[in-house]
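Asks: The following block contains the structure, expressed as structure tokens.
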Amino acid sequence: MVLPALFLNYLGQGALLLTDPAAIDNPFYQLVPDWFHYPMVAFSTVATMIASQAIISGAFSLTQQSIQLGFLPRMDIRHTAREERGQIYVPAVNWLLAAATVGAVVVFGSADALAGAYGIAVSLLMAITTFLAALVAIQWGFNFPLVFAVNGLFLVIDLVFFSANSLKLFEGGWFPLLIAGVIAFFMLTWRGGQQLTEKARAGMRETEDAFLGRVSRHPPVRVPGTAAFFTSGTVGVPLPLSHHLKHINALPERVLLVTVQTLESPTVEKDQQISIRDLSAGVTRVILHFGFMQRPLVADAVRQAIEQGGLHCGAPEKISYYIGRETIIPTADIPGMWVWREAVYSFMQRNAERSAAYFGIPAAQVVEIGIEIEI
């Protein structure tokens, strides 16, 4: 219904301009009689509100997926509907969108001045979408020559459209490019910082054999209960566990090494979500798999594993979750990003949402251990 209506509207505007070139100022509203102008303003206002809600919902969803894939720091994500998993609200993104919208209105002052920004944004978005659709089609196994021919034809059209709009680069077209550049900078900085941090962790992390050998040679005091230590790697021992044993010389009877992995598929079925591998000395490695559209609720997944008999560690509400509270220290002595970018990453890392809240861990079961990491 929408496509024919839009198509007819554009044809109507073209017909109006052919018969009355003076209507070029506002062909949309001049399509209707004078008495229908105010209802048309109300109609277009409602349509704009619907379109803006679609953009806002899309921004929330893309932000959540970017966080899951490791391109943005953790943020407060609120689910607004029990029956719809994708219905979410991200306060930080909402306020950033509000600030950007008000800023655009103040800078440009009128809808006409925003035409250049709109043209650049839409035409470049069409070209990017066509390119990404080709990559997805190839990954899904479609015939490469066919994908190249079909998507290549659309891409040529999109690039011609973008080239025509590029003439408006200095008439407002710079605005969406600036916003996209800033967002890309923060995403790549976070991604690079995460990789440098993991590299530093790997150099500090003790191997499983070394840790278990140390526990066997010098048995620590074993206290009743279960402790789950978060770790980003699937091998080695997390730093909070090593620090805990070094300074306290005691371990719970049952130790879980919990790793959360986000896959490139939207969702993961519950029966494929949990991998468990028993080591020795009461240590078990638990790897949780989530799709990029799923919220990684670790406590619920561990409870499910206990109820299904995969884990034997007592009541789920009695488990203590140990989380490393990392302080990132930028330094020029270690190869990596520029120091000022590392400082930006450190700022983002300090202001990210707490790991416990993001992973759905009850506050009463959380224990944080501070660790300093130089990158």
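The chains in the structure tokens are called A, B, ... from first to last as shown; in each chain the residues are counted from 1, and the ligands are counted from 1 in the order shown.
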Would you please give, as a count of residues only, all residues of region 56-159 of chain A that DSSP assigns to alpha helix (DSSP H) based on the backbone?

Replies: 72

Asks: Would you pick out the contacts of Asp333 (chain A) at 10 Å or less, using only C-alpha atoms, so that residues sharing its chain but fewer than 3 positions from it are not included, and give the list as a PDB file with N, CA and C atoms, in the first residue's frame?

Replies:
```pdb
ATOM      1  N   PRO A 330      46.893   4.472  30.116  1.00  0.00           N
ATOM      2  CA  PRO A 330      47.551   4.676  28.810  1.00  0.00           C
ATOM      3  C   PRO A 330      49.037   4.952  29.007  1.00  0.00           C
ATOM      4  N   GLY A 336      50.819   0.367  20.500  1.00  0.00           N
ATOM      5  CA  GLY A 336      49.355   0.297  20.436  1.00  0.00           C
ATOM      6  C   GLY A 336      48.812   1.507  19.706  1.00  0.00           C
ATOM      7  N   VAL A 339      48.586   7.709  22.300  1.00  0.00           N
ATOM      8  CA  VAL A 339      48.281   7.836  23.723  1.00  0.00           C
ATOM      9  C   VAL A 339      46.964   8.570  23.930  1.00  0.00           C
ATOM     10  N   GLU A 374      48.081  -1.694  32.003  1.00  0.00           N
ATOM     11  CA  GLU A 374      48.732  -0.711  31.136  1.00  0.00           C
ATOM     12  C   GLU A 374      48.604  -1.143  29.686  1.00  0.00           C
ATOM     13  N   ILE A 375      48.259  -0.177  28.819  1.00  0.00           N
ATOM     14  CA  ILE A 375      48.186  -0.472  27.382  1.00  0.00           C
ATOM     15  C   ILE A 375      48.995   0.571  26.618  1.00  0.00           C
TER      16      ILE A 375
END
```

Asks: Contacts between region 248-270 of chain A and region 299-343 of chain A, please, where a residue of region 299-343 of chain A counts if it comes within 12 Å (with only C-alpha atoms); show its shortest atom pair and distance in Å to one decimal, rows by chain and ascending number, as CSV.

Replies:
```
residue,atom,partner,partner_atom,distance
A:Ala299,CA,A:Val258,CA,10.6
A:Asp300,CA,A:Lys270,CA,11.0
A:Ala301,CA,A:Lys270,CA,8.5
A:Val302,CA,A:Val258,CA,9.3
A:Gln304,CA,A:Lys270,CA,8.9
A:Ala305,CA,A:Lys270,CA,9.9
A:Gln308,CA,A:Lys270,CA,11.3
A:Leu311,CA,A:Leu256,CA,9.6
A:His312,CA,A:Arg254,CA,8.9
A:Cys313,CA,A:Arg254,CA,6.6
A:Gly314,CA,A:Arg254,CA,9.5
A:Lys318,CA,A:Arg254,CA,11.7
A:Ile319,CA,A:Arg254,CA,9.5
A:Ser320,CA,A:Pro252,CA,9.7
A:Tyr321,CA,A:Leu256,CA,9.1
A:Tyr322,CA,A:Leu257,CA,9.9
A:Ile323,CA,A:Val258,CA,10.3
```

Asks: Run DSSP on the backbone of this structure and report the residues of region 9-151 of chain A it assigns to strand (DSSP E or B), as a PyMOL selection string.

Replies: chain A and resi 78-79+88-89

Asks: Residues of the last selection are to be written out with C-alpha atoms, as a CSV table (one decimal), in the first residue's frame.

Replies:
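Writing done, so here's part04.csv:
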```csv
chain,number,residue,atom,x,y,z
A,78,ARG,CA,16.0,-1.3,29.4
A,79,HIS,CA,13.5,-3.8,28.0
A,88,ILE,CA,14.3,-1.8,24.2
A,89,TYR,CA,15.2,1.7,25.4
```

Asks: Just checking: using only C-alpha atoms, which residue out of A:Met293, A:Ala281, A:Val344, A:Leu155 ends up closest to Gly86 (chain A)?

Replies: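 Between A:Met293, A:Ala281, A:Val344, A:Leu155, the residue approaching Gly86 (chain A) most closely is A:Met293.
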
Asks: Which residue out of A:Leu178, A:Thr284, A:Met187, A:Phe144 has the minimum interatomic distance to Thr226 (chain A) when only C-alpha atoms are used?

Replies: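 Among the listed residues, the smallest separation from Thr226 (chain A) belongs to A:Thr284.
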
Asks: Counting only C-alpha atoms, which residue out of A:Leu114, A:Leu31, A:Ala22, A:Leu124 sits closest to Asn9 (chain A)?

Replies: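 Nearest to Asn9 (chain A): A:Leu31.
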
Asks: Identify, on the basis of only C-alpha atoms, every residue whose closest approach to Trp174 (chain A) does not exceed 12 Å; exclude the query and any residue fewer than 3 positions from it along the same chain; express the result as a ChimeraX atom specification.

Replies: /A:104,108,114-121,165-171,177-181

Asks: Set the distance at 9 Å and use only C-alpha atoms: which residues neighbour region 38-47 of chain A once local chain neighbours fewer than 5 positions away are removed? I'd like the list as a ChimeraX atom specification.

Replies: /A:29,32,52

Asks: Find, counting only C-alpha atoms, the residue in A:Pro27, A:Gly310, A:Gly236, A:Gly141 that gets nearest to Asp271 (chain A).

Replies: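 The closest residue to Asp271 (chain A) is A:Gly310.
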
Asks: Using only C-alpha atoms, can you tell me which of A:Asn94, A:Asn151, A:Ser232, A:Ser216 comes closest to Lys199 (chain A)?

Replies: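 Checking each candidate against Lys199 (chain A), we get A:Ser232 as the closest.
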
Asks: Mind checking which residues fall within 10 Å of Tyr345 (chain A), counting only C-alpha atoms, ignoring those fewer than 3 positions away in the same chain, and posting them as a VMD selection string?

Replies: chain A and resid 73 186 to 194 328 to 330 337 339 to 342 348 to 351

Asks: Which neighbours of Phe131 (chain A) fall inside 10 Å, counting only C-alpha atoms, when residues of the same chain fewer than 3 positions from it are skipped, and could you give them as a ChimeraX atom specification?

Replies: /A:125-128,134-136,148,151-152,154-155

Asks: Counting only C-alpha atoms, what is within 10 Å of Leu279 (chain A), bar same-chain residues fewer than 6 positions away, as a list in words?

Replies: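 Those residues are Glu208, Asp209, Leu212, Leu256 and Arg285 of chain A.
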
Asks: Provide the CA of Ala23 (chain A) to CA of Ser110 (chain A) distance in Å, to one decimal place.

Replies: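 So the answer is 19.0 Å.
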